[in-house]
Amino acid sequence: MGDDRRQQVVDGRTTLGIELGSTRIKACLVDEDLVPIAAGAHEWENAFVDGRWTYSLEAVESGLRAAYAALVADVEAQYGVTPTTFRAAGVSAMMHGYLAFDAAGELLVPFRTWRNTSTGPAAERLSEALDFNVPLRWSVAHLYQAVLDEEPHVAELAGITTLAGYVHRRLTGRDVLGVGDASGMFPIDSSPVDSGPGEPGHRDWDHDKLATAQALLGGSVPDLRTLLPEVLVAGEHAGDLTPEGAAWLDPTGTLQPGVPLCPPEGDAGTGMVATNAVAPRTGNVSVGTSIFAMVVLEHALRTPHEELDVVTTPSGDAVAMVHCNNGASEIASWAKVFGRFADAAGQPLDTDTVYATLLAETAHADPDAGGLLSFNYLAGEPVTHVEDGRPLLLRTADARFTLGNLVRSEVHGAFATLAIGMEVLHAEHVRVDRMTAHGGLFRTPGAPQQLLAAALRVPVALEETAGEGGAWGIAVLAAYLEHTDQHLADFLADTVFGGDAVHVADPEQRDVAGFQTYLDRYRAALPVQAAAAAATRPSATTHHGEPTTGAEPRLQEEEVTR
């Protein structure tokens, strides 16, 4: 097998996927059977500058180069050869946010990431006018907020895009987006393909909503459509690696131009691919710095809901998305504390052992975490209307403060906001046969999967390949360029996941009842967040980074999205 893979590398028969997550940039190389054969990664972190979360374009460039160089080094170490070309490649990244450029391609303001929640007035007005929920983090909300705030850069705007779209443009020269990533910028018309091909907005920006948004923007933005990238669906050719793009990614000059690229996608789309969840009534839960659930819809929602985004699969099918800004970072912080305690006690433990030990204690915990209550709000949380979050651990004097209850409370806290959002889907009578979970938290078998099933009241599956993450997912989408005779769902089911083992956890009534008790207390205590934020306003000085960076060999493995 090693010699065969070596020859595949030499012949350029492997496929490259790169994903830019919020704490790590990962490159993945797959063979002709779509099995990962090499990987490279680079850790990075966002910065909090002038009141906004951002990454510099210099950090994007250096991080991509470092991740790609690490992948090349891994190939050389394993197979003794250096890749010079690939059968296909693809790029994905954290969705949403705002990258604004002038006519010369220069960035006008620092990249505003999905974590920024300062777009409330714009999102509210857009949602009302479009009769469609426009979340705070969507690109059009950032654009309209800049218009409302009369920011000078608006007059110089020539284009806006996402992080994946920016990287793809640097590699190919084409200003395009995969439809899934595009659906986090502005609403998409997800009409079925056979309902009228060629109609305006067909699996593209929604034509009617563009006109409505244009009326809101007025003369500040003369033509919204020209600011947005071209939308492509999975399987469409999205350009070839240019000489400039090859040199940008690989300054050594070894990588050759001409590699075909698939449409750049968002991490939500690659998460759906990585969990075989692109067909109706399938769904997935991604647990990383943020946490979100995706459910592919059989029919349109009856009414807009502020708790739900309507985005799409990489093929353009409508998906209801419950996105929560805060995920497993607080669990990672506790793991770091207990890992340090083990070191200080002279009994050092690796990260996986720390997680396994802590999560095993949940088996000895009370179903409702014994009266403990945990908020994982490192940032604001739109689903629960929290503008400025504070991580908190609360307990009454008579609560049972044990290690098991502490860990169970933290896991419940990570799933609580997601469960609140999912209640809206249940009320819409959206049916899902099962959810597939992915992320590093689920590398420890048992407790996380079982507790998620209880929180969502639905069976939760783990695919063996789901842990490969979004870089593998975008590599699969790149490979799909040569399989467009099949629908993407069939390609995944038959070619990619056909032989994979699936482990399913069904909700247990004891856990369901315990989580519901916990969630009732959680809702009642939400006002504490506002009080905590008011009492601990940060200074206006610039600081850097995710507050939990450093616990993160494990957290970064959870980065299948954001």
# chains A, B, ... in the order shown; residues from 1 in each chain; ligands from 1
$ residues_around --residues "Val259 in chain A" --least-positions-apart "4" --cutoff "8 Å" --atoms "only C-alpha atoms" --output "number ranges by chain"
A: 85-89, 240-241
$ closest_atom_pairs --of "range 387-425 of chain A" --to "range 292-299 of chain A" --cutoff "10 Å" --atoms "only C-alpha atoms" --output "Markdown table"
| residue | atom | partner | partner_atom | distance |
| --- | --- | --- | --- | --- |
| A:Phe415 | CA | A:Phe292 | CA | 9.5 |
| A:Thr417 | CA | A:Phe292 | CA | 9.5 |
| A:Leu418 | CA | A:Phe292 | CA | 6.7 |
| A:Ala419 | CA | A:Ala293 | CA | 9.5 |
| A:Gly421 | CA | A:Ala293 | CA | 9.1 |
| A:Met422 | CA | A:Ala293 | CA | 8.1 |
| A:Leu425 | CA | A:Val295 | CA | 9.0 |
$ residues_around --residues "Val407 in chain A" --least-positions-apart "5" --cutoff "7 Å" --atoms "only C-alpha atoms" --output "short mmCIF file (atom, residue, chain, number, x, y, z; two decimals) with C-alpha atoms, in the first residue's frame"
data_model
loop_
_atom_site.label_atom_id
_atom_site.label_comp_id
_atom_site.auth_asym_id
_atom_site.auth_seq_id
_atom_site.Cartn_x
_atom_site.Cartn_y
_atom_site.Cartn_z
CA LEU A 358 -13.00 13.52 33.30
CA LEU A 359 -15.76 12.30 30.99
CA THR A 362 -20.15 11.62 34.31
#
$ residues_around --residues "range 20-22 of chain A" --least-positions-apart "2" --cutoff "10 Å" --atoms "only C-alpha atoms" --output "PyMOL selection string"
chain A and resi 18+24-27+41-46+55+60+63-64+67+91-95+113-115+163-164+167+266-267+288-290+470-471+546+556+558-562
$ residues_around --residues "range 483-494 of chain A" --least-positions-apart "4" --cutoff "10 Å" --atoms "only C-alpha atoms" --output "count of residues only"
21
$ residues_around --residues "range 148-157 of chain A" --least-positions-apart "2" --cutoff "12 Å" --atoms "only C-alpha atoms" --output "NGL selection string"
:A and (98-110 or 118-123 or 125-126 or 141-146 or 159-161 or 216-224 or 226-228)
$ write_last_selection --atoms "C-alpha atoms" --output "PDB file, in the first residue's frame"
ATOM      1  CA  TYR A  98     -16.965  40.353   6.278  1.00  0.00           C
ATOM      2  CA  LEU A  99     -13.975  40.764   3.979  1.00  0.00           C
ATOM      3  CA  ALA A 100     -14.356  44.017   2.046  1.00  0.00           C
ATOM      4  CA  PHE A 101     -12.109  44.977  -0.879  1.00  0.00           C
ATOM      5  CA  ASP A 102     -11.672  47.976  -3.153  1.00  0.00           C
ATOM      6  CA  ALA A 103     -11.285  47.886  -6.931  1.00  0.00           C
ATOM      7  CA  ALA A 104      -7.545  47.207  -6.619  1.00  0.00           C
ATOM      8  CA  GLY A 105      -8.195  44.166  -4.418  1.00  0.00           C
ATOM      9  CA  GLU A 106      -6.972  45.883  -1.251  1.00  0.00           C
ATOM     10  CA  LEU A 107      -8.642  45.092   2.068  1.00  0.00           C
ATOM     11  CA  LEU A 108     -10.554  48.141   3.257  1.00  0.00           C
ATOM     12  CA  VAL A 109     -11.120  47.208   6.907  1.00  0.00           C
ATOM     13  CA  PRO A 110      -9.783  44.332   9.022  1.00  0.00           C
ATOM     14  CA  SER A 118     -22.312  44.160  16.746  1.00  0.00           C
ATOM     15  CA  THR A 119     -24.699  44.043  13.764  1.00  0.00           C
ATOM     16  CA  GLY A 120     -27.991  43.948  15.669  1.00  0.00           C
ATOM     17  CA  PRO A 121     -29.780  46.905  14.035  1.00  0.00           C
ATOM     18  CA  ALA A 122     -28.817  45.775  10.526  1.00  0.00           C
ATOM     19  CA  ALA A 123     -29.766  42.138  11.109  1.00  0.00           C
ATOM     20  CA  ARG A 125     -34.055  45.450   9.686  1.00  0.00           C
ATOM     21  CA  LEU A 126     -32.897  42.977   7.058  1.00  0.00           C
ATOM     22  CA  ALA A 141     -25.603  42.163   8.070  1.00  0.00           C
ATOM     23  CA  HIS A 142     -22.014  43.405   8.394  1.00  0.00           C
ATOM     24  CA  LEU A 143     -22.369  45.299   5.134  1.00  0.00           C
ATOM     25  CA  TYR A 144     -25.648  46.958   6.066  1.00  0.00           C
ATOM     26  CA  GLN A 145     -24.365  47.807   9.554  1.00  0.00           C
ATOM     27  CA  ALA A 146     -21.395  49.554   7.939  1.00  0.00           C
ATOM     28  CA  GLY A 159     -16.468  43.361  -3.546  1.00  0.00           C
ATOM     29  CA  ILE A 160     -17.123  41.365  -0.387  1.00  0.00           C
ATOM     30  CA  THR A 161     -16.455  37.704   0.272  1.00  0.00           C
ATOM     31  CA  LEU A 216     -32.634  49.182   2.003  1.00  0.00           C
ATOM     32  CA  LEU A 217     -29.023  49.896   1.068  1.00  0.00           C
ATOM     33  CA  GLY A 218     -30.060  52.695  -1.259  1.00  0.00           C
ATOM     34  CA  GLY A 219     -27.401  54.700  -3.024  1.00  0.00           C
ATOM     35  CA  SER A 220     -24.736  53.796  -0.465  1.00  0.00           C
ATOM     36  CA  VAL A 221     -24.258  50.536  -2.361  1.00  0.00           C
ATOM     37  CA  PRO A 222     -25.196  51.114  -6.035  1.00  0.00           C
ATOM     38  CA  ASP A 223     -25.385  47.402  -6.979  1.00  0.00           C
ATOM     39  CA  LEU A 224     -25.329  44.738  -4.281  1.00  0.00           C
ATOM     40  CA  THR A 226     -21.874  43.125  -8.233  1.00  0.00           C
ATOM     41  CA  LEU A 227     -20.333  43.068  -4.744  1.00  0.00           C
ATOM     42  CA  LEU A 228     -21.111  39.375  -4.252  1.00  0.00           C
TER      43      LEU A 228
END
$ closest_residue --among "A:Glu428, A:Tyr166, A:Arg434, A:His364" --to "Arg400 in chain A" --atoms "only C-alpha atoms"
A:His364
$ select_by_dssp --residues "range 313-537 of chain A" --states "strand (DSSP E or B)" --output "PyMOL selection string"
chain A and resi 318-324+373-375+381+386+392-394+434-438+460-463+502-505
$ select_by_dssp --residues "range 90-176 of chain A" --states "helix (DSSP H, G or I)" --output "number ranges by chain"
A: 120-130, 139-148, 152-156, 163-172
$ write_last_selection --atoms "C-alpha atoms" --output "compact mmCIF listing (two decimals), in the first residue's frame"
# COMPACT_ATOMS: atom_id res chain seq x y z
CA GLY A 120 -27.99 43.95 15.67
CA PRO A 121 -29.78 46.90 14.03
CA ALA A 122 -28.82 45.77 10.53
CA ALA A 123 -29.77 42.14 11.11
CA GLU A 124 -33.15 43.16 12.59
CA ARG A 125 -34.05 45.45 9.69
CA LEU A 126 -32.90 42.98 7.06
CA SER A 127 -34.81 40.12 8.68
CA GLU A 128 -38.01 42.14 8.74
CA ALA A 129 -37.67 43.43 5.17
CA LEU A 130 -36.69 40.06 3.67
CA SER A 139 -21.95 39.11 5.58
CA VAL A 140 -24.93 41.18 4.45
CA ALA A 141 -25.60 42.16 8.07
CA HIS A 142 -22.01 43.40 8.39
CA LEU A 143 -22.37 45.30 5.13
CA TYR A 144 -25.65 46.96 6.07
CA GLN A 145 -24.36 47.81 9.55
CA ALA A 146 -21.40 49.55 7.94
CA VAL A 147 -23.88 51.54 5.84
CA LEU A 148 -25.98 52.44 8.90
CA PRO A 152 -16.14 55.72 5.09
CA HIS A 153 -14.93 52.50 3.49
CA VAL A 154 -18.40 51.76 2.05
CA ALA A 155 -17.86 54.36 -0.68
CA GLU A 156 -14.80 52.43 -1.92
CA LEU A 163 -12.44 33.75 4.13
CA ALA A 164 -12.70 30.68 1.88
CA GLY A 165 -13.62 32.90 -1.05
CA TYR A 166 -10.58 35.13 -0.42
CA VAL A 167 -8.16 32.20 -0.29
CA HIS A 168 -9.70 30.61 -3.38
CA ARG A 169 -9.33 33.89 -5.28
CA ARG A 170 -5.65 34.08 -4.32
CA LEU A 171 -5.15 30.54 -5.61
CA THR A 172 -7.18 30.74 -8.85
$ residues_around --residues "Asp3 in chain A" --least-positions-apart "5" --cutoff "12 Å" --atoms "only C-alpha atoms" --output "VMD selection string"
chain A and resid 8 to 10 78 to 81
$ write_last_selection --atoms "C-alpha atoms" --output "PDB file, in the first residue's frame"
ATOM      1  CA  GLN A   8      -0.014   8.172  -6.521  1.00  0.00           C
ATOM      2  CA  VAL A   9       1.832  11.149  -5.016  1.00  0.00           C
ATOM      3  CA  VAL A  10       4.433  11.074  -7.798  1.00  0.00           C
ATOM      4  CA  GLN A  78       6.212   8.691   4.932  1.00  0.00           C
ATOM      5  CA  TYR A  79       6.844   8.144   1.239  1.00  0.00           C
ATOM      6  CA  GLY A  80      10.188   9.735   0.441  1.00  0.00           C
ATOM      7  CA  VAL A  81       8.811  11.961  -2.334  1.00  0.00           C
TER       8      VAL A  81
END
